[in-house]
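Down below is the structure, laid out as structure tokens.
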Amino acid sequence: MSSPPPEKPTCDVVVSTETADPNKVVLKRKITLLNGVAIIIGTIIGSGIFVSPAGVYIYTKSVGVSLIVWTASGVFSTLGALCYAELGTAIARSGGDYAYILEAFGDLPAFLRLWVALLIIRPTTQAIVAITFAEYAVKPFFLECAPPSAAVTLLAAGCLCLLTAINCVSVRWSLEVLSLSTYAKLFALFAIVIAGIYHIATGHTSHFEHAFEGDYDAGNIALAFFSGLFAFGGWNYLNFVTEELQDPYKNLPRAIWIAMPLVTLVYVLANLAYFAVITSQEMISSPAVAVTFGDRMFSSLSWTVPVFVAISTFGGVNGVIFTSARLFLTGAQEGHLPELFSHIHVQKRTPIPGLIFCCAVSLVMVTVSDVFTLINYFSQTLWLSVGGCIAGLLYLRYTKPEMPRPIKVNLAIPILFLICVAFLVIVPSITQPFNTLIAVIIILSGIPVYYVGIKWKTKPKWFTDFHEKFTRAVQKALDVVRSETDIQ
């Protein structure tokens, strides 16, 4: 973990704040309102809507209940986005959940949030989306059978490496990938929605008969929400890059208000389309529901569906990679991660060390090819973290009422949201205690790491010497310096 910085920073740099001086090595405010909307939509509409419909239905066995879960997931995510808008404008800095927990509860809880993000949340999310991209990308070459698992794994790994390289080279290039993939995924979903509505309008409504018959209980409903909410994952990702967002007090809430209703409407209509065309058995047996839908509705053009879905998920991977590195950069600036995570490239102004680390851990995760296992694996930890942020919002309302809040939501919204989070965390703890035990062990394992790596200030001289030499070597190899520094 991190050690105390040397008395004289490496590469002879001086800590400074952002100014108009072109020699300042800082993150630039390059993200416009349109870019912000693209980040939210581009990250949300990734793999989820093309794989989660099967996950939701598997746990409910009911068309009607599945549609309710999807609608409620959209409303729930919008409530969360409103709460995060208050947090993001009151604490206008990059880091998202980590920064909010740090402000509200201090170092140790914030470090534990960073710890689980490092080991579970971020690499697992990137792996899920990359695997989904790979499954759809290779599908046109294996129309009559399932693609080989080795091909899926290798393509997912290649996707992660390519997008990491793009994010290392240029912020502008990564934003262009987000924008282009957003248009592609909206086109694909528009085609699915229109075809589904036409199918329903022409009298094909038999799949909606006895819509609420199924096999579900409170535990299964919670697991169904895990899949549904995974598809909405990304509504808080713009909060990770507020330091790079132009006029964040105005553009952050505007981007949320534009993106969230659009995504919710598209998701509900897309699921109506899926259920109108695909049988219950096909929904359970084929996670790649868009491929099955395309085979039924688009005939000779069915091969285009996996192509557009692959483009969509490609952009989704890019959005997660873009924001993950910023989270670790903020953690390093607070001294909660090794110093190298706070370094950015001198010319390109990109957080290269963090990007490379995220890629390396995600490459390990892609070896697990069952996306539903991965979703259930990290969801409890994720929502426990989100609940911590909302509890922090309420705590800051009480302890720091004078804090500037350009956006201040009605108190009922965070309270209602926190009750829903409690349901998502507590119910699966009862029905699947083993998964909960693993999550708790991973979280608690961060406590000794925190005290040894961060609180212990008198580390042996051999350790600090090694840390300094290693940092200098990486700086020279990657041409990076600490963020918010001035080249002499």
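Chain labels run A, B, ... following the order of the structure tokens; each chain numbers its residues from 1, and ligands are numbered from 1 in the order shown.
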
>> For segment 161-178 of chain A, find every residue with an atom within 8 Å (counting only C-alpha atoms), except residues of its own chain fewer than 5 positions away, and show them as a list in words.
In response: Asn35, Ala38, Ile39, Gly42, Gly315, Gly316, Val317, Asn318, Gly319, Ile321, Phe322, Lys348, Arg349, Thr350, Pro351, Ile352, Leu355, Ile356 and Cys359 of chain A

Next, the residues of the selection above should be written as a PDB file, in the first residue's frame with C-alpha atoms.
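part-v2.pdb was written with the following content:
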ATOM      1  CA  ASN A  35     -20.246  14.260 -23.251  1.00  0.00           C
ATOM      2  CA  ALA A  38     -23.022  10.179 -23.373  1.00  0.00           C
ATOM      3  CA  ILE A  39     -21.008   8.905 -20.388  1.00  0.00           C
ATOM      4  CA  GLY A  42     -22.948   4.962 -22.786  1.00  0.00           C
ATOM      5  CA  GLY A 315     -18.581   1.401 -25.509  1.00  0.00           C
ATOM      6  CA  GLY A 316     -19.840   0.155 -22.134  1.00  0.00           C
ATOM      7  CA  VAL A 317     -16.421  -1.322 -21.342  1.00  0.00           C
ATOM      8  CA  ASN A 318     -14.849   1.998 -22.328  1.00  0.00           C
ATOM      9  CA  GLY A 319     -17.084   3.948 -19.951  1.00  0.00           C
ATOM     10  CA  ILE A 321     -12.470   1.881 -17.742  1.00  0.00           C
ATOM     11  CA  PHE A 322     -12.608   5.678 -18.115  1.00  0.00           C
ATOM     12  CA  LYS A 348      -1.591  13.372 -22.675  1.00  0.00           C
ATOM     13  CA  ARG A 349      -2.940  14.144 -19.170  1.00  0.00           C
ATOM     14  CA  THR A 350      -4.305  10.605 -18.737  1.00  0.00           C
ATOM     15  CA  PRO A 351      -3.996   8.474 -15.545  1.00  0.00           C
ATOM     16  CA  ILE A 352      -1.922   5.722 -17.158  1.00  0.00           C
ATOM     17  CA  LEU A 355      -5.611   2.411 -16.256  1.00  0.00           C
ATOM     18  CA  ILE A 356      -2.969  -0.316 -16.514  1.00  0.00           C
ATOM     19  CA  CYS A 359      -6.855  -3.681 -16.978  1.00  0.00           C
TER      20      CYS A 359
END

>> Show me, as a ChimeraX atom specification, the residues that have an atom within 10 Å of Ile68 of chain A when counting only C-alpha atoms, minus same-chain residues fewer than 6 positions from it.
In response: /A:62,74,268

> Closest to Ile311 of chain A among A:Asp107, A:Glu135, A:Glu86, A:Glu402, using only C-alpha atoms?
Replying inline: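 Closest to Ile311 of chain A of all the choices is A:Glu135.
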
> With distances taken over only C-alpha atoms, which of A:Phe225, A:Trp462, A:Tyr450, A:Trp115 is nearest to Trp383 of chain A?
Replying inline: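 Looking only at the distances to Trp383 of chain A, the closest residue turns out to be A:Phe225.
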
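Pairwise distance (atom CA of Ala224 of chain A, atom CA of Leu416 of chain A) equals 19.5 Å.
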
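The residue that comes closest to Pro448 of chain A, out of A:Ala276, A:Leu112, A:Ala99, A:Leu154 and on the basis of only C-alpha atoms, is A:Leu112.
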
Find the residues around Thr60 of chain A up to 12 Å (only C-alpha atoms counted), leave out those fewer than 3 positions away in its own chain, and share them as a short mmCIF file (atom, residue, chain, number, x, y, z; two decimals) with all heavy atoms, in the first residue's frame.
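Saved the output as out_12.cif:
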data_model
loop_
_atom_site.label_atom_id
_atom_site.label_comp_id
_atom_site.auth_asym_id
_atom_site.auth_seq_id
_atom_site.Cartn_x
_atom_site.Cartn_y
_atom_site.Cartn_z
N PRO A 53 -32.18 -9.30 -19.04
CA PRO A 53 -33.56 -9.80 -19.14
C PRO A 53 -33.68 -11.27 -18.79
O PRO A 53 -34.64 -11.68 -18.13
CB PRO A 53 -33.92 -9.53 -20.61
CG PRO A 53 -33.14 -8.31 -20.95
CD PRO A 53 -31.82 -8.49 -20.23
N ALA A 54 -32.71 -12.07 -19.20
CA ALA A 54 -32.73 -13.49 -18.84
C ALA A 54 -32.54 -13.66 -17.34
O ALA A 54 -33.21 -14.48 -16.70
CB ALA A 54 -31.65 -14.24 -19.61
N GLY A 55 -31.61 -12.87 -16.75
CA GLY A 55 -31.37 -12.97 -15.32
C GLY A 55 -32.58 -12.61 -14.50
O GLY A 55 -32.90 -13.27 -13.50
N VAL A 56 -33.29 -11.55 -14.88
CA VAL A 56 -34.50 -11.15 -14.16
C VAL A 56 -35.57 -12.23 -14.27
O VAL A 56 -36.19 -12.61 -13.27
CB VAL A 56 -35.04 -9.81 -14.71
CG1 VAL A 56 -36.39 -9.47 -14.08
CG2 VAL A 56 -34.05 -8.67 -14.44
N TYR A 57 -35.75 -12.76 -15.46
CA TYR A 57 -36.82 -13.76 -15.67
C TYR A 57 -36.49 -15.08 -14.97
O TYR A 57 -37.41 -15.76 -14.47
CB TYR A 57 -37.04 -13.99 -17.16
CG TYR A 57 -38.24 -14.87 -17.43
CD1 TYR A 57 -39.53 -14.36 -17.38
CD2 TYR A 57 -38.08 -16.23 -17.71
CE1 TYR A 57 -40.63 -15.16 -17.60
CE2 TYR A 57 -39.18 -17.05 -17.94
CZ TYR A 57 -40.45 -16.50 -17.87
OH TYR A 57 -41.54 -17.31 -18.09
N VAL A 63 -43.65 -12.98 -16.54
CA VAL A 63 -43.51 -11.83 -17.44
C VAL A 63 -43.92 -10.55 -16.72
O VAL A 63 -43.21 -9.53 -16.77
CB VAL A 63 -44.35 -12.04 -18.71
CG1 VAL A 63 -44.36 -10.75 -19.55
CG2 VAL A 63 -43.82 -13.21 -19.53
N GLY A 64 -45.06 -10.58 -16.04
CA GLY A 64 -45.56 -9.38 -15.38
C GLY A 64 -44.64 -8.90 -14.28
O GLY A 64 -44.35 -7.71 -14.18
N VAL A 65 -44.19 -9.83 -13.42
CA VAL A 65 -43.30 -9.44 -12.33
C VAL A 65 -41.97 -8.94 -12.88
O VAL A 65 -41.39 -7.99 -12.35
CB VAL A 65 -43.10 -10.62 -11.36
CG1 VAL A 65 -42.07 -10.27 -10.29
CG2 VAL A 65 -44.41 -11.00 -10.70
N SER A 66 -41.49 -9.55 -13.96
CA SER A 66 -40.24 -9.10 -14.57
C SER A 66 -40.36 -7.66 -15.05
O SER A 66 -39.45 -6.84 -14.83
CB SER A 66 -39.86 -10.00 -15.74
OG SER A 66 -39.55 -11.31 -15.30
N LEU A 67 -41.47 -7.32 -15.68
CA LEU A 67 -41.67 -5.94 -16.15
C LEU A 67 -41.76 -4.97 -14.98
O LEU A 67 -41.27 -3.83 -15.07
CB LEU A 67 -42.92 -5.86 -17.02
CG LEU A 67 -42.82 -6.57 -18.38
CD1 LEU A 67 -44.18 -6.57 -19.08
CD2 LEU A 67 -41.77 -5.90 -19.26
N ILE A 68 -42.38 -5.41 -13.88
CA ILE A 68 -42.43 -4.56 -12.69
C ILE A 68 -41.03 -4.33 -12.13
O ILE A 68 -40.68 -3.21 -11.74
CB ILE A 68 -43.35 -5.18 -11.62
CG1 ILE A 68 -44.81 -5.12 -12.08
CG2 ILE A 68 -43.19 -4.47 -10.28
CD1 ILE A 68 -45.78 -5.82 -11.15
N VAL A 69 -40.23 -5.39 -12.11
CA VAL A 69 -38.86 -5.26 -11.63
C VAL A 69 -38.08 -4.27 -12.48
O VAL A 69 -37.33 -3.43 -11.96
CB VAL A 69 -38.16 -6.64 -11.61
CG1 VAL A 69 -36.65 -6.48 -11.40
CG2 VAL A 69 -38.75 -7.53 -10.52
N TRP A 70 -38.25 -4.34 -13.81
CA TRP A 70 -37.54 -3.42 -14.69
C TRP A 70 -37.99 -1.97 -14.47
O TRP A 70 -37.17 -1.06 -14.41
CB TRP A 70 -37.76 -3.80 -16.15
CG TRP A 70 -36.86 -4.92 -16.57
CD1 TRP A 70 -37.18 -6.24 -16.71
CD2 TRP A 70 -35.47 -4.80 -16.89
NE1 TRP A 70 -36.07 -6.95 -17.08
CE2 TRP A 70 -35.02 -6.11 -17.22
CE3 TRP A 70 -34.58 -3.75 -16.95
CZ2 TRP A 70 -33.69 -6.36 -17.58
CZ3 TRP A 70 -33.27 -3.99 -17.31
CH2 TRP A 70 -32.83 -5.28 -17.63
N ALA A 211 -49.79 -13.32 -17.07
CA ALA A 211 -48.48 -12.66 -16.94
C ALA A 211 -47.88 -12.77 -15.55
O ALA A 211 -46.66 -12.75 -15.40
CB ALA A 211 -48.61 -11.19 -17.35
N PHE A 212 -48.73 -12.89 -14.52
CA PHE A 212 -48.20 -12.86 -13.15
C PHE A 212 -48.08 -14.25 -12.54
O PHE A 212 -47.78 -14.37 -11.35
CB PHE A 212 -49.07 -11.95 -12.27
CG PHE A 212 -48.92 -10.49 -12.63
CD1 PHE A 212 -49.81 -9.90 -13.53
CD2 PHE A 212 -47.88 -9.73 -12.11
CE1 PHE A 212 -49.67 -8.57 -13.87
CE2 PHE A 212 -47.74 -8.40 -12.45
CZ PHE A 212 -48.63 -7.81 -13.34
N GLU A 213 -48.31 -15.27 -13.33
CA GLU A 213 -48.03 -16.62 -12.85
C GLU A 213 -46.52 -16.84 -12.87
O GLU A 213 -45.85 -16.47 -13.83
CB GLU A 213 -48.73 -17.67 -13.72
CG GLU A 213 -50.24 -17.64 -13.59
CD GLU A 213 -50.90 -18.72 -14.44
OE1 GLU A 213 -50.13 -19.45 -15.14
OE2 GLU A 213 -52.12 -18.84 -14.41
N GLY A 214 -45.98 -17.43 -11.82
CA GLY A 214 -44.54 -17.65 -11.79
C GLY A 214 -44.11 -18.33 -10.52
O GLY A 214 -44.92 -18.87 -9.77
N ASP A 215 -42.81 -18.31 -10.28
CA ASP A 215 -42.23 -18.96 -9.11
C ASP A 215 -41.24 -17.97 -8.48
O ASP A 215 -40.09 -17.89 -8.89
CB ASP A 215 -41.52 -20.26 -9.53
CG ASP A 215 -40.90 -20.98 -8.34
OD1 ASP A 215 -41.28 -20.67 -7.20
OD2 ASP A 215 -40.02 -21.84 -8.55
N TYR A 216 -41.71 -17.23 -7.50
CA TYR A 216 -40.86 -16.19 -6.93
C TYR A 216 -41.23 -15.94 -5.47
O TYR A 216 -42.36 -16.17 -5.05
CB TYR A 216 -40.98 -14.89 -7.72
CG TYR A 216 -42.41 -14.45 -8.00
CD1 TYR A 216 -43.11 -13.66 -7.09
CD2 TYR A 216 -43.07 -14.84 -9.17
CE1 TYR A 216 -44.41 -13.27 -7.34
CE2 TYR A 216 -44.37 -14.45 -9.42
CZ TYR A 216 -45.04 -13.66 -8.51
OH TYR A 216 -46.34 -13.28 -8.76
N ASP A 217 -40.24 -15.53 -4.70
CA ASP A 217 -40.43 -15.12 -3.31
C ASP A 217 -39.54 -13.91 -3.07
O ASP A 217 -38.92 -13.38 -4.00
CB ASP A 217 -40.10 -16.26 -2.35
CG ASP A 217 -38.71 -16.84 -2.58
OD1 ASP A 217 -37.83 -16.13 -3.10
OD2 ASP A 217 -38.50 -18.02 -2.25
N ALA A 218 -39.45 -13.46 -1.82
CA ALA A 218 -38.69 -12.24 -1.53
C ALA A 218 -37.22 -12.39 -1.91
O ALA A 218 -36.61 -11.47 -2.46
CB ALA A 218 -38.81 -11.89 -0.04
N GLY A 219 -36.63 -13.56 -1.63
CA GLY A 219 -35.23 -13.79 -1.97
C GLY A 219 -35.00 -13.74 -3.47
O GLY A 219 -34.04 -13.13 -3.94
N ASN A 220 -35.88 -14.38 -4.24
CA ASN A 220 -35.74 -14.37 -5.70
C ASN A 220 -35.98 -12.99 -6.28
O ASN A 220 -35.33 -12.60 -7.26
CB ASN A 220 -36.73 -15.38 -6.33
CG ASN A 220 -36.29 -16.82 -6.12
OD1 ASN A 220 -35.10 -17.09 -5.97
ND2 ASN A 220 -37.24 -17.74 -6.10
N ILE A 221 -36.91 -12.25 -5.69
CA ILE A 221 -37.16 -10.88 -6.16
C ILE A 221 -35.91 -10.03 -5.98
O ILE A 221 -35.52 -9.23 -6.85
CB ILE A 221 -38.35 -10.25 -5.42
CG1 ILE A 221 -39.66 -10.95 -5.80
CG2 ILE A 221 -38.44 -8.75 -5.72
CD1 ILE A 221 -40.06 -10.77 -7.24
N ALA A 222 -35.23 -10.19 -4.83
CA ALA A 222 -34.00 -9.43 -4.58
C ALA A 222 -32.94 -9.77 -5.62
O ALA A 222 -32.24 -8.88 -6.14
CB ALA A 222 -33.48 -9.70 -3.17
N LEU A 223 -32.80 -11.07 -5.94
CA LEU A 223 -31.81 -11.48 -6.94
C LEU A 223 -32.20 -10.97 -8.33
O LEU A 223 -31.34 -10.63 -9.15
CB LEU A 223 -31.66 -13.00 -6.95
CG LEU A 223 -31.06 -13.60 -5.67
CD1 LEU A 223 -31.05 -15.12 -5.75
CD2 LEU A 223 -29.64 -13.08 -5.44
N ALA A 224 -33.52 -10.94 -8.61
CA ALA A 224 -33.98 -10.39 -9.88
C ALA A 224 -33.61 -8.91 -9.98
O ALA A 224 -33.20 -8.42 -11.04
CB ALA A 224 -35.49 -10.58 -10.03
N PHE A 225 -33.75 -8.19 -8.87
CA PHE A 225 -33.36 -6.78 -8.85
C PHE A 225 -31.86 -6.61 -9.07
O PHE A 225 -31.42 -5.63 -9.68
CB PHE A 225 -33.76 -6.11 -7.53
CG PHE A 225 -35.13 -5.48 -7.58
CD1 PHE A 225 -36.20 -6.06 -6.92
CD2 PHE A 225 -35.33 -4.31 -8.28
CE1 PHE A 225 -37.46 -5.47 -6.96
CE2 PHE A 225 -36.58 -3.70 -8.33
CZ PHE A 225 -37.65 -4.29 -7.67
N SER A 227 -30.03 -8.30 -11.12
CA SER A 227 -29.83 -8.30 -12.57
C SER A 227 -30.41 -7.04 -13.21
O SER A 227 -29.79 -6.44 -14.09
CB SER A 227 -30.47 -9.56 -13.19
OG SER A 227 -29.71 -10.71 -12.93
N GLY A 228 -31.63 -6.66 -12.77
CA GLY A 228 -32.23 -5.46 -13.35
C GLY A 228 -31.41 -4.21 -13.06
O GLY A 228 -31.16 -3.39 -13.95
N SER A 280 -40.84 -18.30 -22.96
CA SER A 280 -40.26 -18.40 -21.62
C SER A 280 -39.05 -19.32 -21.60
O SER A 280 -38.03 -19.01 -20.98
CB SER A 280 -41.33 -18.92 -20.64
OG SER A 280 -42.41 -18.04 -20.57
N MET A 283 -36.07 -17.66 -23.11
CA MET A 283 -35.54 -16.61 -22.25
C MET A 283 -34.63 -17.21 -21.19
O MET A 283 -33.58 -16.64 -20.85
CB MET A 283 -36.69 -15.85 -21.58
CG MET A 283 -36.26 -14.69 -20.73
SD MET A 283 -35.63 -13.29 -21.66
CE MET A 283 -37.17 -12.61 -22.31
N ILE A 284 -35.00 -18.38 -20.67
CA ILE A 284 -34.20 -19.02 -19.63
C ILE A 284 -32.92 -19.64 -20.20
O ILE A 284 -31.85 -19.57 -19.60
CB ILE A 284 -35.04 -20.09 -18.90
CG1 ILE A 284 -36.18 -19.43 -18.13
CG2 ILE A 284 -34.16 -20.93 -17.97
CD1 ILE A 284 -37.14 -20.43 -17.52
#

>> If you run DSSP on the backbone here, which positions in segment 329-462 of chain A get helix (DSSP H, G or I)? Please write them as a PyMOL selection string.
In response: chain A and resi 329-333+339-342+352-365+371-399+412-431+433-455+461-462

>> I'd like the neighbourhood of Leu384 of chain A as a ChimeraX atom specification, where a residue qualifies if any of its atoms comes within 12 Å (using only C-alpha atoms), though same-chain residues fewer than 6 positions away should be ignored.
In response: /A:97,101,109,112-113,116-117,121,378,390-391,418-426,428-429,436,439-440,443

>> I need the residue nearest Gln246 of chain A from this list: A:Leu34, A:Leu394, A:Ala288, A:Leu189. Use only C-alpha atoms for the distance.
In response: A:Leu34

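One finds atom CA of Lys459 of chain A at 19.0 Å from atom CA of Arg472 of chain A.
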
>> Neighbouring residues of segment 292-308 of chain A were defined as those with any atom within 8 Å, considering only C-alpha atoms; residues of the same chain fewer than 3 positions away were excluded. Please report them as a list in words.
In response: Tyr136, Ala137, Lys139, Pro140, Ala184, Lys185, Ala188, Ile192, Ala195, Tyr274, Val277, Ile278, Glu282, Ser286, Ala288, Val289, Ile311 and Ser312 of chain A

> Which of these residues is nearest to Val366 of chain A, using only C-alpha atoms: A:Leu82, A:Ala130, A:Val291, A:Leu108?
Replying inline: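 Among the listed residues, the smallest separation from Val366 of chain A belongs to A:Ala130.
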
>> At a cut-off of 10 Å, using only C-alpha atoms, what residues contact Leu393 of chain A? Leave out same-chain residues fewer than 2 positions from it and give the result as a list in words.
In response: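 Selected residues are Cys83, Tyr84, Glu86, Leu87, Ala90, Tyr100, Ile101, Glu103, Ala104, Gly387, Gly388, Cys389, Ile390, Ala391, Tyr395, Leu396, Arg397, Tyr398, Leu411 and Pro414 of chain A.
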
Could you write out the selected residues, including N, CA and C atoms, as a tab-separated table (two decimals), in the first residue's frame?
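To be explicit, this is the file written out as out.tsv:
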chain	number	residue	atom	x	y	z
A	83	CYS	N	-30.14	11.63	-5.52
A	83	CYS	CA	-29.34	11.74	-4.31
A	83	CYS	C	-27.88	12.01	-4.66
A	84	TYR	N	-27.38	11.33	-5.66
A	84	TYR	CA	-25.99	11.52	-6.06
A	84	TYR	C	-25.77	12.90	-6.69
A	86	GLU	N	-27.08	15.61	-5.52
A	86	GLU	CA	-26.78	16.45	-4.36
A	86	GLU	C	-25.36	16.22	-3.86
A	87	LEU	N	-24.97	14.95	-3.74
A	87	LEU	CA	-23.62	14.64	-3.28
A	87	LEU	C	-22.57	15.16	-4.25
A	90	ALA	N	-22.39	19.03	-4.00
A	90	ALA	CA	-21.92	19.49	-2.70
A	90	ALA	C	-20.45	19.13	-2.50
A	100	TYR	N	-17.44	10.65	-1.27
A	100	TYR	CA	-18.57	10.98	-0.41
A	100	TYR	C	-18.43	10.32	0.95
A	101	ILE	N	-18.02	9.04	0.96
A	101	ILE	CA	-17.84	8.34	2.23
A	101	ILE	C	-16.68	8.96	3.01
A	103	GLU	N	-15.74	12.12	2.94
A	103	GLU	CA	-16.21	13.40	3.49
A	103	GLU	C	-17.11	13.17	4.70
A	104	ALA	N	-17.95	12.13	4.63
A	104	ALA	CA	-18.95	11.93	5.69
A	104	ALA	C	-18.39	11.16	6.89
A	387	GLY	N	-25.46	2.28	-0.27
A	387	GLY	CA	-26.20	2.63	0.94
A	387	GLY	C	-25.36	3.47	1.88
A	388	GLY	N	-24.05	3.18	1.95
A	388	GLY	CA	-23.16	3.99	2.77
A	388	GLY	C	-23.11	5.44	2.31
A	389	CYS	N	-23.13	5.64	0.99
A	389	CYS	CA	-23.12	7.00	0.45
A	389	CYS	C	-24.39	7.76	0.82
A	390	ILE	N	-25.53	7.09	0.70
A	390	ILE	CA	-26.79	7.77	1.02
A	390	ILE	C	-26.88	8.05	2.52
A	391	ALA	N	-26.38	7.10	3.33
A	391	ALA	CA	-26.32	7.37	4.77
A	391	ALA	C	-25.41	8.56	5.03
A	395	TYR	N	-26.15	12.00	6.99
A	395	TYR	CA	-25.26	12.39	8.08
A	395	TYR	C	-24.71	13.80	7.87
A	396	LEU	N	-24.34	14.13	6.64
A	396	LEU	CA	-23.83	15.47	6.35
A	396	LEU	C	-24.93	16.53	6.48
A	397	ARG	N	-26.15	16.16	6.15
A	397	ARG	CA	-27.26	17.10	6.37
A	397	ARG	C	-27.33	17.51	7.85
A	398	TYR	N	-27.02	16.52	8.74
A	398	TYR	CA	-27.14	16.78	10.18
A	398	TYR	C	-25.90	17.47	10.73
A	411	LEU	N	-36.02	15.25	1.67
A	411	LEU	CA	-35.48	14.28	2.62
A	411	LEU	C	-36.10	12.89	2.45
A	414	PRO	N	-33.84	10.26	-0.10
A	414	PRO	CA	-32.76	9.40	0.40
A	414	PRO	C	-33.22	8.38	1.43

> Distance atom CA of Ala310 of chain A-atom CA of Phe133 of chain A, one decimal place?
Replying inline: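 If I compute the distance from atom CA of Ala310 of chain A to atom CA of Phe133 of chain A, I get 4.8 Å.
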
>> From the options A:Ile31, A:Leu79, A:Val452, A:Ala156, which residue's atoms come nearest to His336 of chain A, counting only C-alpha atoms?
In response: A:Val452
